[in-house]
Amino acid sequence: MADKYKYWNPILEKLPEDQLRNLQLRKFKRIFRWAYDNSPFYHNLYRSTGIEPGDIKTLDDVKKVPKTEKSMLREAQGKEPYPYGEILSVPLSQVTEYRQTSGTTGQPVYHPETWQDWEWSAESWAYCLYAQGYTAEDRAFLPFVYSLFIAFWAAHYALEKIGCEVIPGGGMNTEARILKIRELRPTALLATPTYVLGMANTARNKLGIDPRELNIKKITVAGEPGAGIPGTRKRMEDAWGAKVYDQAGATEIGHWGYDCQEQCGMHVNEALHLVEIEDIDTGEIITSPGRKGKMIITTFDRYAHPCIRFDSKDIVEWSSRQCECGRTFRLLPGGVQGRADDITKVKGVLLAPTAIEEVVRDFVELSDEYEVSVTKVGDIDAIAIKVEILPGHESNLETIKMRLTEELRLKTNLRYDIECCSFGSLPRFEGKARRFKDLRNKEH
């Protein structure tokens, strides 16, 4: 029964589909007009392609609007008004927050927020956290530092809006954070999947503390695919004895998707965003369930730095299910399933790194860490994977390698050179992990 669920904004979250689509059309027209009138970057882009605000009459007309991508945003910045350049759509004096992308895919994108934009960011996170069962009774630990990267900043303010107590965990190493969690007994933890697993390993192996005894009841992860991968989610839940929820967002886009307590897929916050799924090869907009494509996203309510038809490169698909939670926002099964710019051909086979993670994380004999590299041997691709054997399983090394070889072959149609390493020998990550390395271009 939908009555048992709570909604941060029940009017919008349960809006009938026809009214939701009408709302999206009105909001798209508004942000399109705003960018056209106030941003030299968008004005010039739209004038050069011959499209004007009056041309958008239906949601189907949206696909006529040119897409944007990160390289375009980078090229437009660094000019006057410095440093945001021609994308800035408000007077510089109205900018109250500065953020930038993590820079893991190149030069960071500088991102301004007005006071209103920043309030909107916190509001969008509040939808997520409330859907995951956060209440004023929760005490949340946030293990991130005060920095330029947006990280969980908007989540911090959303937790305050909900009424949660926030425990800031910056300025500590992992051991100190775990000891502080044991001391203060928060009920919730927010971090990247990599760091959630890393904290659990540190607690067990360096401090002799069982994370399951630390009182954490729920964990929200973001920043990487992880909670959408069943094996990774299970590892986190088993390690902490807590329910793990997913959230999706980006500096340029805002916070657009989340699990609810039903966990049957990731809800797109369609009251605040318009998501289109584009076929990678043909550019066709996919409307039917079950076909993967790139997510093209528009953020409706952020004005300093509009985000209109942004090519996120995230691979998603529509679900055929309607969530039992009563929200009419559509679902993406598995959430973000990878990135279009991560998908590569190896020996003629299309490979998504998340498929490797899905296999490795299902092996209870292996640690959370692994490393994949693709190289050239002459003219032939070679793919290798290093995995860590957990203590107590060393005697089963050959059996583990045989099983892993077969599971990877079935999942990815590729054969791997597998190297089993001792526990603790592979790199650890606190932020976004980079476990997949394509070294073929670097060899020539």
# chains A, B, ... in the order shown; residues from 1 in each chain; ligands from 1
call {"tool": "closest_atom_pairs", "arguments": {"of": "range 139-215 of chain A", "to": "range 243-248 of chain A", "cutoff": "12 Å", "atoms": "only C-alpha atoms", "output": "tab-separated table"}}
result
residue	atom	partner	partner_atom	distance
A:Ala151	CA	A:Ala248	CA	11.4
A:Phe152	CA	A:Gln247	CA	10.7
A:Ala155	CA	A:Gln247	CA	10.4
A:Thr187	CA	A:Lys243	CA	10.9
A:Ala188	CA	A:Lys243	CA	9.6
A:Leu189	CA	A:Val244	CA	9.4
A:Leu190	CA	A:Tyr245	CA	9.5
A:Ala191	CA	A:Asp246	CA	10.4
A:Thr192	CA	A:Asp246	CA	9.7
A:Pro193	CA	A:Asp246	CA	9.3
A:Val196	CA	A:Val244	CA	10.0
A:Leu197	CA	A:Val244	CA	11.6
A:Arg212	CA	A:Lys243	CA	11.4
A:Asn215	CA	A:Lys243	CA	11.8
call {"tool": "select_by_dssp", "arguments": {"residues": "range 110-324 of chain A", "states": "alpha helix (DSSP H)", "output": "count of residues only"}}
result
63
call {"tool": "closest_atom_pairs", "arguments": {"of": "range 235-345 of chain A", "to": "range 113-123 of chain A", "cutoff": "9 Å", "atoms": "only C-alpha atoms", "output": "tab-separated table"}}
result
residue	atom	partner	partner_atom	distance
A:Gly254	CA	A:Ser121	CA	6.5
A:His255	CA	A:Ser121	CA	6.9
A:Asp301	CA	A:Trp120	CA	7.2
A:Arg302	CA	A:Asp117	CA	5.1
A:Tyr303	CA	A:Asp117	CA	6.6
A:Ala304	CA	A:Glu113	CA	5.8
A:His305	CA	A:Glu113	CA	7.3
call {"tool": "atom_distance", "arguments": {"atom1": "CA of Gln337 in chain A", "atom2": "CA of Thr354 in chain A"}}
result
6.9 Å
call {"tool": "select_by_dssp", "arguments": {"residues": "range 140-240 of chain A", "states": "strand (DSSP E)", "output": "PyMOL selection string"}}
result
chain A and resi 140-142+165-168+188-191+218-221
call {"tool": "closest_residue", "arguments": {"among": "A:Ala227, A:Ala154, A:Ala176, A:Ile308", "to": "Ile31 in chain A", "atoms": "only C-alpha atoms"}}
result
A:Ile308
call {"tool": "closest_residue", "arguments": {"among": "A:Ile343, A:Leu332, A:Ala242, A:Met266", "to": "Ile280 in chain A", "atoms": "only C-alpha atoms"}}
result
A:Ile343
call {"tool": "atom_distance", "arguments": {"atom1": "CA of Ile383 in chain A", "atom2": "CA of Glu365 in chain A"}}
result
21.7 Å
call {"tool": "residues_around", "arguments": {"residues": "Arg309 in chain A", "least_positions_apart": "4", "cutoff": "8 Å", "atoms": "only C-alpha atoms", "output": "JSON, numbers by chain"}}
result
{"A": [65, 66, 67, 68, 296, 297, 298]}
call {"tool": "closest_residue", "arguments": {"among": "A:Ala271, A:Val336, A:Met172, A:Ala352", "to": "Glu224 in chain A", "atoms": "only C-alpha atoms"}}
result
A:Val336
call {"tool": "residues_around", "arguments": {"residues": "range 412-427 of chain A", "least_positions_apart": "3", "cutoff": "9 Å", "atoms": "only C-alpha atoms", "output": "MDAnalysis selection string"}}
result
chainID A and resid 346:347 349:352 355:356 366:367 369:371 382:391 394 397 401 404:409
call {"tool": "residues_around", "arguments": {"residues": "Leu12 in chain A", "least_positions_apart": "2", "cutoff": "9 Å", "atoms": "only C-alpha atoms", "output": "list in words"}}
result
Asn9, Pro10, Lys14, Leu15, Pro16, Leu20, Glu270, Ala271, Arg327 and Thr328 of chain A
call {"tool": "closest_residue", "arguments": {"among": "A:Cys325, A:Val377, A:Val109, A:Val275", "to": "Thr251 in chain A", "atoms": "only C-alpha atoms"}}
result
A:Val109
call {"tool": "residues_around", "arguments": {"residues": "range 74-80 of chain A", "least_positions_apart": "4", "cutoff": "12 Å", "atoms": "only C-alpha atoms", "output": "short mmCIF file (atom, residue, chain, number, x, y, z; two decimals) with N, CA, C and O atoms, in the first residue's frame"}}
result
data_model
loop_
_atom_site.label_atom_id
_atom_site.label_comp_id
_atom_site.auth_asym_id
_atom_site.auth_seq_id
_atom_site.Cartn_x
_atom_site.Cartn_y
_atom_site.Cartn_z
N SER A 39 22.22 34.01 -21.41
CA SER A 39 23.54 33.40 -21.55
C SER A 39 24.06 33.58 -22.97
O SER A 39 23.47 33.03 -23.91
N PRO A 40 25.13 34.33 -23.17
CA PRO A 40 25.69 34.46 -24.52
C PRO A 40 26.05 33.12 -25.14
O PRO A 40 25.87 32.92 -26.35
N PHE A 41 26.53 32.18 -24.33
CA PHE A 41 26.88 30.85 -24.84
C PHE A 41 25.66 30.17 -25.45
O PHE A 41 25.68 29.72 -26.61
N TYR A 42 24.58 30.08 -24.69
CA TYR A 42 23.38 29.41 -25.19
C TYR A 42 22.73 30.22 -26.32
O TYR A 42 22.24 29.64 -27.30
N ASN A 44 24.09 32.13 -28.57
CA ASN A 44 24.84 31.93 -29.81
C ASN A 44 24.66 30.51 -30.34
O ASN A 44 24.55 30.30 -31.56
N LEU A 45 24.62 29.53 -29.45
CA LEU A 45 24.42 28.14 -29.87
C LEU A 45 23.08 27.98 -30.55
O LEU A 45 22.97 27.35 -31.62
N THR A 68 24.48 19.76 -25.40
CA THR A 68 25.74 20.30 -24.90
C THR A 68 26.53 19.15 -24.27
O THR A 68 25.98 18.11 -23.94
N GLU A 69 27.83 19.34 -24.14
CA GLU A 69 28.66 18.34 -23.48
C GLU A 69 29.79 19.05 -22.75
O GLU A 69 30.00 20.26 -22.89
N LYS A 70 30.51 18.28 -21.95
CA LYS A 70 31.49 18.87 -21.04
C LYS A 70 32.56 19.67 -21.78
O LYS A 70 32.98 20.73 -21.30
N TYR A 84 33.72 32.08 -15.20
CA TYR A 84 32.65 31.26 -15.74
C TYR A 84 32.41 31.46 -17.24
O TYR A 84 31.83 30.61 -17.90
N GLY A 85 32.83 32.61 -17.75
CA GLY A 85 32.69 32.84 -19.17
C GLY A 85 31.25 33.09 -19.59
O GLY A 85 30.40 33.52 -18.80
N GLU A 86 30.97 32.75 -20.84
CA GLU A 86 29.71 33.16 -21.47
C GLU A 86 28.52 32.31 -21.09
O GLU A 86 27.39 32.61 -21.49
N ILE A 87 28.73 31.25 -20.31
CA ILE A 87 27.58 30.46 -19.87
C ILE A 87 26.83 31.16 -18.73
O ILE A 87 25.62 31.04 -18.61
N LEU A 88 27.55 31.91 -17.92
CA LEU A 88 26.94 32.56 -16.76
C LEU A 88 25.71 33.37 -17.18
O LEU A 88 25.77 34.19 -18.09
N PRO A 91 24.12 38.15 -13.08
CA PRO A 91 25.26 39.01 -12.75
C PRO A 91 26.21 38.30 -11.80
O PRO A 91 25.79 37.54 -10.92
N LEU A 92 27.49 38.53 -11.97
CA LEU A 92 28.49 37.87 -11.13
C LEU A 92 28.24 38.14 -9.65
O LEU A 92 28.53 37.29 -8.80
N GLN A 100 33.36 22.97 -8.54
CA GLN A 100 33.92 22.53 -9.81
C GLN A 100 33.86 21.01 -9.86
O GLN A 100 33.76 20.34 -8.83
N THR A 101 33.89 20.48 -11.09
CA THR A 101 33.88 19.03 -11.25
C THR A 101 35.18 18.47 -10.72
O THR A 101 36.17 19.18 -10.54
N GLY A 103 37.37 16.69 -12.07
CA GLY A 103 38.51 16.72 -12.98
C GLY A 103 39.03 15.35 -13.35
O GLY A 103 40.08 15.23 -13.97
N THR A 105 37.94 13.42 -15.59
CA THR A 105 37.91 13.22 -17.04
C THR A 105 38.54 14.40 -17.78
O THR A 105 38.31 14.58 -18.98
N GLY A 106 39.34 15.20 -17.11
CA GLY A 106 40.00 16.32 -17.77
C GLY A 106 39.90 17.60 -16.96
O GLY A 106 39.63 17.58 -15.76
N GLN A 107 40.13 18.75 -17.63
CA GLN A 107 40.07 20.06 -16.99
C GLN A 107 38.72 20.24 -16.29
O GLN A 107 37.66 19.99 -16.86
N PRO A 108 38.72 20.66 -15.02
CA PRO A 108 37.45 20.82 -14.30
C PRO A 108 36.54 21.85 -14.98
O PRO A 108 37.01 22.79 -15.62
N VAL A 109 35.24 21.67 -14.80
CA VAL A 109 34.27 22.68 -15.20
C VAL A 109 33.96 23.51 -13.97
O VAL A 109 33.63 22.99 -12.90
N TYR A 110 34.09 24.83 -14.10
CA TYR A 110 33.78 25.74 -13.00
C TYR A 110 32.27 25.92 -12.92
O TYR A 110 31.61 26.16 -13.94
N HIS A 111 31.74 25.85 -11.72
CA HIS A 111 30.29 25.90 -11.61
C HIS A 111 29.85 26.92 -10.55
O HIS A 111 30.18 26.77 -9.37
N PRO A 112 29.07 27.94 -10.97
CA PRO A 112 28.55 28.93 -10.03
C PRO A 112 27.13 28.58 -9.57
O PRO A 112 26.37 27.96 -10.30
N GLU A 252 27.56 19.45 -12.91
CA GLU A 252 26.91 20.21 -13.97
C GLU A 252 25.39 20.02 -13.96
O GLU A 252 24.64 20.91 -14.34
N HIS A 305 23.93 28.77 -14.06
CA HIS A 305 24.69 27.98 -15.03
C HIS A 305 23.74 26.94 -15.59
O HIS A 305 23.76 25.77 -15.18
#
call {"tool": "closest_residue", "arguments": {"among": "A:Gly223, A:Pro168, A:Gly283, A:Gly133", "to": "Trp8 in chain A", "atoms": "only C-alpha atoms"}}
result
A:Gly133
call {"tool": "atom_distance", "arguments": {"atom1": "CA of Glu358 in chain A", "atom2": "CA of Asp311 in chain A"}}
result
25.3 Å
call {"tool": "closest_residue", "arguments": {"among": "A:Lys376, A:His43, A:Arg99, A:His156", "to": "Pro143 in chain A", "atoms": "only C-alpha atoms"}}
result
A:His156
